[in-house]
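Listing of input_14.txt; format and content: compact mmCIF, C-alpha atoms.
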# COMPACT_ATOMS: atom_id res chain seq x y z
CA SER T 1 -5.01 16.71 -3.74
CA ALA T 2 -4.99 13.25 -5.35
CA ARG T 3 -1.96 12.37 -7.33
CA ARG T 4 0.49 9.86 -8.63
CA ASP T 5 3.24 10.66 -6.18
CA LEU T 6 5.19 8.91 -3.47
CA GLY T 7 5.64 9.78 0.19
CA LEU T 8 8.76 8.41 1.90
CA PHE T 9 9.76 8.43 5.55
CA ASP T 10 13.46 8.64 6.32
CA GLU T 11 14.62 8.40 9.94
CA ARG T 12 17.49 10.74 10.81
CA GLU T 13 18.62 12.28 14.07
CA ASP T 14 18.81 15.80 12.63
CA HIS T 15 15.02 15.90 12.07
CA ARG T 16 14.16 15.57 15.76
CA HIS T 17 12.22 18.89 15.69
CA ASP T 18 9.75 17.83 12.99
CA THR T 19 6.09 18.49 13.80
CA LEU T 20 5.25 14.94 14.82
CA ASN T 21 8.47 14.66 16.86
CA LYS T 22 9.01 11.14 15.56
CA PHE T 23 12.55 11.61 14.25
CA GLU T 24 11.37 11.28 10.67
CA HIS T 25 11.34 13.36 7.54
CA ALA T 26 8.93 12.96 4.63
CA TRP T 27 9.27 13.86 0.98
CA LYS T 28 6.16 14.41 -1.14
CA LEU T 29 6.66 14.85 -4.86
CA PRO T 30 3.43 15.96 -6.59
CA VAL T 31 3.26 15.93 -10.37
CA GLN T 32 1.52 19.31 -10.71
CA VAL T 33 4.02 21.86 -11.99
CA ILE T 34 1.72 24.66 -10.80
CA LEU T 35 2.47 23.72 -7.18
CA PHE T 36 6.19 24.15 -7.72
CA PHE T 37 5.78 27.50 -9.49
CA PHE T 38 3.32 29.14 -7.10
CA GLY T 39 4.19 27.24 -3.97
CA PHE T 40 7.58 25.70 -3.44
CA ALA T 41 9.60 27.99 -5.70
CA ASN T 42 8.29 31.31 -4.36
CA ALA T 43 7.25 30.64 -0.78
CA GLY T 44 10.68 31.32 0.71
CA VAL T 45 9.83 29.05 3.65
CA PRO T 46 9.10 25.34 4.09
CA LEU T 47 5.50 24.45 3.31
CA ALA T 48 3.30 22.09 5.28
CA ALA T 49 -0.36 21.61 4.42
CA PRO T 50 -3.17 19.14 5.10
CA SER T 51 -5.36 17.58 2.45
CA ALA T 52 -8.03 19.82 0.94
CA ASN T 53 -10.88 18.14 2.79
CA ARG T 54 -12.11 17.83 6.36
CA SER T 55 -10.96 14.86 8.40
CA THR T 56 -12.51 11.47 7.46
CA GLU T 57 -14.51 13.01 4.60
CA LEU T 58 -14.33 12.11 0.93
CA SER T 59 -11.18 13.37 -0.77
CA PRO T 60 -11.52 15.99 -3.52
CA THR T 61 -10.27 15.43 -7.06
CA ARG T 62 -11.62 18.71 -8.47
CA ALA T 63 -11.80 22.29 -7.26
CA ALA T 64 -15.59 22.04 -6.91
CA HIS T 65 -15.13 19.17 -4.44
CA VAL T 66 -12.84 21.35 -2.32
CA LEU T 67 -15.37 24.14 -2.18
CA LYS T 68 -18.14 21.73 -1.23
CA GLY T 69 -16.33 20.97 2.01
CA LEU T 70 -14.22 24.05 2.70
CA ASN T 71 -16.08 27.01 1.20
CA GLY T 72 -16.00 29.83 3.74
CA ARG T 73 -13.05 28.23 5.55
CA ILE T 74 -10.34 29.12 3.02
CA GLU T 75 -9.31 32.41 1.44
CA LEU T 76 -7.92 31.15 -1.86
CA LEU T 77 -8.32 28.07 -4.06
CA LEU T 78 -5.59 27.37 -6.61
CA ASP T 79 -7.18 25.22 -9.32
CA GLY T 80 -4.67 23.04 -11.16
CA GLY T 81 -7.37 21.01 -12.89
CA PRO T 82 -8.73 17.54 -12.13
CA CYS T 83 -6.37 15.14 -10.34
CA PRO T 84 -5.33 12.55 -12.92
CA GLY T 85 -4.62 9.67 -10.52
CA GLY T 86 -7.68 9.98 -8.30
CA LEU T 87 -6.34 8.48 -5.06
CA GLU T 88 -3.98 9.60 -2.32
CA SER T 89 -0.26 8.92 -2.52
CA THR T 90 1.56 5.73 -1.63
CA VAL T 91 3.38 6.12 1.71
CA VAL T 92 6.47 3.96 2.20
CA ASP T 93 8.48 3.60 5.41
CA VAL T 94 12.17 3.10 4.61
CA THR T 95 13.46 3.41 8.18
CA GLY T 96 13.81 -0.37 8.61
CA ASP T 97 15.81 -3.02 6.82
CA VAL T 98 12.89 -3.79 4.49
CA PRO T 99 10.70 -1.04 2.95
CA ARG T 100 7.11 -1.16 4.19
CA VAL T 101 4.01 0.26 2.50
CA LEU T 102 2.09 2.12 5.20
CA ARG T 103 -0.64 3.39 2.89
CA PRO T 104 -1.26 1.83 -0.53
CA GLY T 105 -1.57 4.23 -3.43
CA LEU T 106 -1.24 4.35 -7.19
CA ILE T 107 2.39 3.26 -6.97
CA ALA T 108 1.54 -0.37 -6.22
CA ARG T 109 3.65 -2.80 -4.21
CA PRO T 110 4.81 -4.80 -7.27
CA MET T 111 6.11 -1.57 -8.83
CA LEU T 112 8.19 -0.88 -5.72
CA GLU T 113 9.46 -4.48 -5.58
CA ALA T 114 10.64 -4.19 -9.16
CA VAL T 115 12.98 -1.41 -8.01
CA CYS T 116 14.04 -2.31 -4.47
CA GLY T 117 13.32 -6.00 -3.98
CA ARG T 118 11.18 -7.30 -1.13
CA VAL T 119 8.59 -4.85 0.21
CA GLU T 120 6.30 -5.50 3.15
CA ALA T 121 2.83 -4.06 3.59
CA GLY T 122 0.70 -2.82 6.46
CA ALA T 123 1.32 -1.07 9.76
CA THR T 124 3.40 -2.83 12.41
CA GLY T 125 0.86 -2.39 15.21
CA GLU T 126 2.57 0.57 16.88
CA GLY T 127 0.41 2.79 19.05
CA VAL T 128 0.97 5.96 17.00
CA ALA T 129 0.05 5.99 13.32
CA ARG T 130 3.12 6.52 11.15
CA ALA T 131 1.13 7.57 8.08
CA PRO T 132 -2.13 9.35 7.27
CA GLY T 133 -5.31 7.53 6.33
CA HIS T 134 -5.23 4.85 9.03
CA MET T 135 -8.52 5.60 10.77
CA ALA T 136 -11.08 2.83 10.31
CA LYS T 137 -13.58 5.28 8.80
CA HIS T 138 -11.91 7.55 6.27
CA TYR T 139 -12.34 8.88 2.72
CA SER T 140 -16.10 8.65 3.33
CA PRO T 141 -18.98 10.23 1.41
CA ARG T 142 -21.95 11.50 3.40
CA THR T 143 -24.06 8.71 1.93
CA PRO T 144 -23.60 5.33 3.66
CA VAL T 145 -21.58 2.87 1.56
CA VAL T 146 -22.31 -0.88 1.45
CA LEU T 147 -19.77 -3.27 -0.11
CA VAL T 148 -20.75 -6.43 -2.01
CA ASP T 149 -18.71 -9.04 -3.85
CA ALA T 150 -20.92 -9.80 -6.85
CA HIS T 151 -23.47 -8.32 -9.28
CA GLU T 152 -26.17 -10.64 -7.97
CA ARG T 153 -25.66 -9.52 -4.39
CA ALA T 154 -25.83 -5.87 -5.45
CA LEU T 155 -29.14 -6.41 -7.26
CA ALA T 156 -30.61 -8.33 -4.33
CA LEU T 157 -29.55 -5.65 -1.87
CA GLY T 158 -30.85 -2.94 -4.17
CA ALA T 159 -34.23 -4.68 -4.35
CA GLU T 160 -34.33 -4.78 -0.56
CA PHE T 161 -33.54 -1.05 -0.40
CA ALA T 162 -36.33 -0.38 -2.89
CA ARG T 163 -38.78 -2.30 -0.70
CA GLN T 164 -37.71 -0.05 2.17
CA LYS T 165 -38.31 2.97 -0.12
CA LEU T 166 -34.62 3.89 0.02
CA SER T 167 -32.94 5.47 -3.00
CA TRP T 168 -29.62 3.87 -3.94
CA GLY T 169 -26.71 4.15 -6.31
CA TRP T 170 -24.49 1.35 -7.55
CA LEU T 171 -20.83 1.34 -8.59
CA ALA T 172 -20.80 -1.84 -10.66
CA LEU T 173 -17.58 -3.54 -11.67
CA GLY T 174 -17.82 -3.58 -15.44
CA GLU T 175 -21.16 -3.56 -17.23
CA HIS T 176 -24.12 -4.22 -14.97
CA PRO T 177 -26.99 -6.58 -15.90
CA GLY T 178 -30.55 -5.35 -15.98
CA GLU T 179 -31.90 -2.09 -14.63
CA ALA T 180 -30.79 -0.46 -11.38
CA PHE T 181 -31.29 2.89 -9.74
CA ALA T 182 -28.37 5.22 -10.57
CA ALA T 183 -26.04 2.43 -11.70
CA VAL T 184 -22.55 3.44 -12.88
CA PRO T 185 -20.36 0.85 -14.67
CA MET T 186 -16.78 1.19 -13.41
CA PRO T 187 -13.62 0.23 -15.35
CA LEU T 188 -12.00 -3.19 -15.02
CA ASP T 189 -8.57 -1.54 -15.07
CA ALA T 190 -7.32 -0.57 -11.58
CA ASP T 191 -5.76 2.77 -12.59
CA GLU T 192 -8.82 3.84 -14.56
CA TYR T 193 -11.09 2.82 -11.68
CA ALA T 194 -8.98 4.78 -9.18
CA ALA T 195 -9.11 7.90 -11.36
CA ARG T 196 -12.94 7.84 -11.32
CA LEU T 197 -13.75 6.53 -7.84
CA TYR T 198 -13.96 9.75 -5.80
CA ARG T 199 -15.62 11.65 -8.64
CA GLU T 200 -18.45 9.10 -8.77
CA LEU T 201 -18.86 9.03 -4.98
CA HIS T 202 -19.05 12.84 -4.92
CA SER T 203 -21.68 12.65 -7.67
CA PHE T 204 -23.78 10.19 -5.65
CA ASP T 205 -23.51 12.50 -2.63
CA GLU T 206 -24.84 15.39 -4.70
CA ARG T 207 -27.90 13.32 -5.60
CA ALA T 208 -28.73 12.90 -1.89
CA LEU T 209 -29.20 9.14 -2.14
CA ASP T 210 -29.91 6.96 0.88
CA ARG T 211 -27.32 4.26 0.11
CA ILE T 212 -24.40 3.56 -2.22
CA ILE T 213 -23.69 -0.06 -3.16
CA VAL T 214 -20.15 -0.74 -4.35
CA GLU T 215 -19.06 -4.00 -5.94
CA LEU T 216 -15.56 -4.78 -4.67
CA PRO T 217 -12.79 -5.27 -7.24
CA PRO T 218 -10.45 -8.30 -7.07
CA ASP T 219 -8.21 -8.85 -4.05
CA ALA T 220 -5.02 -8.33 -6.05
CA PRO T 221 -1.93 -6.10 -5.54
CA GLU T 222 -2.89 -3.64 -8.27
CA TRP T 223 -6.27 -3.10 -6.57
CA ALA T 224 -4.90 -2.70 -3.02
CA ALA T 225 -5.32 1.09 -2.87
CA VAL T 226 -8.87 1.01 -4.25
CA ARG T 227 -9.95 -1.73 -1.84
CA ASP T 228 -8.34 0.12 1.08
CA ARG T 229 -10.29 3.31 0.30
CA LEU T 230 -13.56 1.47 -0.23
CA THR T 231 -13.21 -0.47 3.01
CA ARG T 232 -12.62 2.71 4.98
CA ALA T 233 -15.43 4.56 3.17
CA ALA T 234 -17.85 1.81 4.19
CA ALA T 235 -16.75 1.55 7.82
CA GLY T 236 -19.63 2.42 10.11
CA GLY T 237 -21.97 2.76 7.17
Please, can you express the file's structure as structure tokens?
Amino acid sequence: SARRDLGLFDEREDHRHDTLNKFEHAWKLPVQVILFFFGFANAGVPLAAPSANRSTELSPTRAAHVLKGLNGRIELLLDGGPCPGGLESTVVDVTGDVPRVLRPGLIARPMLEAVCGRVEAGATGEGVARAPGHMAKHYSPRTPVVLVDAHERALALGAEFARQKLSWGWLALGEHPGEAFAAVPMPLDADEYAARLYRELHSFDERALDRIIVELPPDAPEWAAVRDRLTRAAAGG
């Protein structure tokens, strides 16, 4: 599951029989050595696998999260420990003249630009998605998520929920002022925040809250992946 790795698309004529029949080939390089030992090295055949969660649902970062969504649907769970990065991989399309980030991840755009120069971001508006994670609602907990842009807005919204007798949790950016129901202060560092995000959302789900308020982090390149996941988690909430 989640990971500091990089997915790349490379367009070549000799891959015309790939599953998506889009003349592309993808490399995924996970950091977990256990996958190479038990999977790639001994399988004897190419491996293709989906994420360890059901479509549009919150991604797992621990074995317990996988079982919460897939228990009874899988025969074996290989537990390599908690995912250190927390979010899904960066997906980069290198089939054009300029590399394009199709899905932001822990390898941020500035890191790519330091290696290969100019890098563009976002899908090109084609009818068929060229990367996973492009549905408007995705990476979503069962509990509806509401995004706010400041502490004060979170407290005001929380007070309104309380008047409606709704239980609520709050992912605050940094230390939160005053008292709040199930408030969790989140790191001000983008990598540390990403590593904790899904774990905290899973925890709120387990508490069967009515709402989750999330204070958005800054609109900056290093926060692009976190903001992307939060926006999709809140869609339709």
Next item on the list: Fewer than 4 positions away in the same chain doesn't count, so skip those; otherwise give me all residues within 10 Å of Ala64 in chain T, counting all atoms listed in the file, as an MDAnalysis selection string.
Entry: chainID T and resid 60 68:71 77 79 82
Margin query: Using all atoms listed in the file for the distances, tell me which of T:Gly117, T:Pro141, T:Pro187, T:Gly85 is nearest to Leu216 in chain T.
Written below: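 Going through T:Gly117, T:Pro141, T:Pro187, T:Gly85 one by one, the smallest distance to Leu216 in chain T is for T:Pro187.
Interatomic distance, CA of Val226 in chain T to CA of Asp149 in chain T: 14.1 Å.
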Checklist line | Interatomic distance, CA of Thr56 in chain T to CA of Ala233 in chain T (Å, one decimal) | finding: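 Rounded to one decimal, the two atoms are 8.6 Å apart.
With all atoms listed in the file as the atoms that count, the residue of T:Ser167, T:Thr231, T:Ser89, T:Ser59 with the shortest distance to His202 in chain T is T:Ser59.
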Margin query: Residues near range 119-121 of chain T, anyone? I mean within 8 Å using only C-alpha atoms, not counting same-chain ones fewer than 6 positions away, as a list in words.
Written below: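 What passes the distance filter is Val98, Pro99, Arg100, Val101, Leu102, Arg109, Leu112 and Glu113 of chain T.
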Notebook entry, point to check: From the set T:Val94, T:Ala190, T:Leu171, T:Ala136, which residue has the shortest atom-to-atom contact distance to Ser203 in chain T, counting all atoms listed in the file?
Noted result: T:Leu171
Notebook entry, point to check: Suppose you want the space between CA of Glu88 in chain T and CA of Asp228 in chain T; what is it in Å?
Noted result: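 CA of Glu88 in chain T sits 11.0 Å away from CA of Asp228 in chain T.
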Check: Between T:Pro104, T:Arg73, T:Glu160, T:Val146, which has the minimum distance to Ala235 in chain T (counting all atoms listed in the file)?
Finding: T:Val146
Margin query: Applying 8 Å and all atoms listed in the file, which residues near range 210-214 of chain T remain after dropping the ones on its own chain fewer than 2 positions away? List them as a list in words.
Written below: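 Near range 210-214 of chain T, the qualifying residues are Thr143, Pro144, Val145, Val146, Leu147, Val148, Ala154, Gly158, Leu166, Ser167, Trp168, Gly169, Trp170, Leu171, Ala172, Phe204, Ala208 and Leu216 of chain T.
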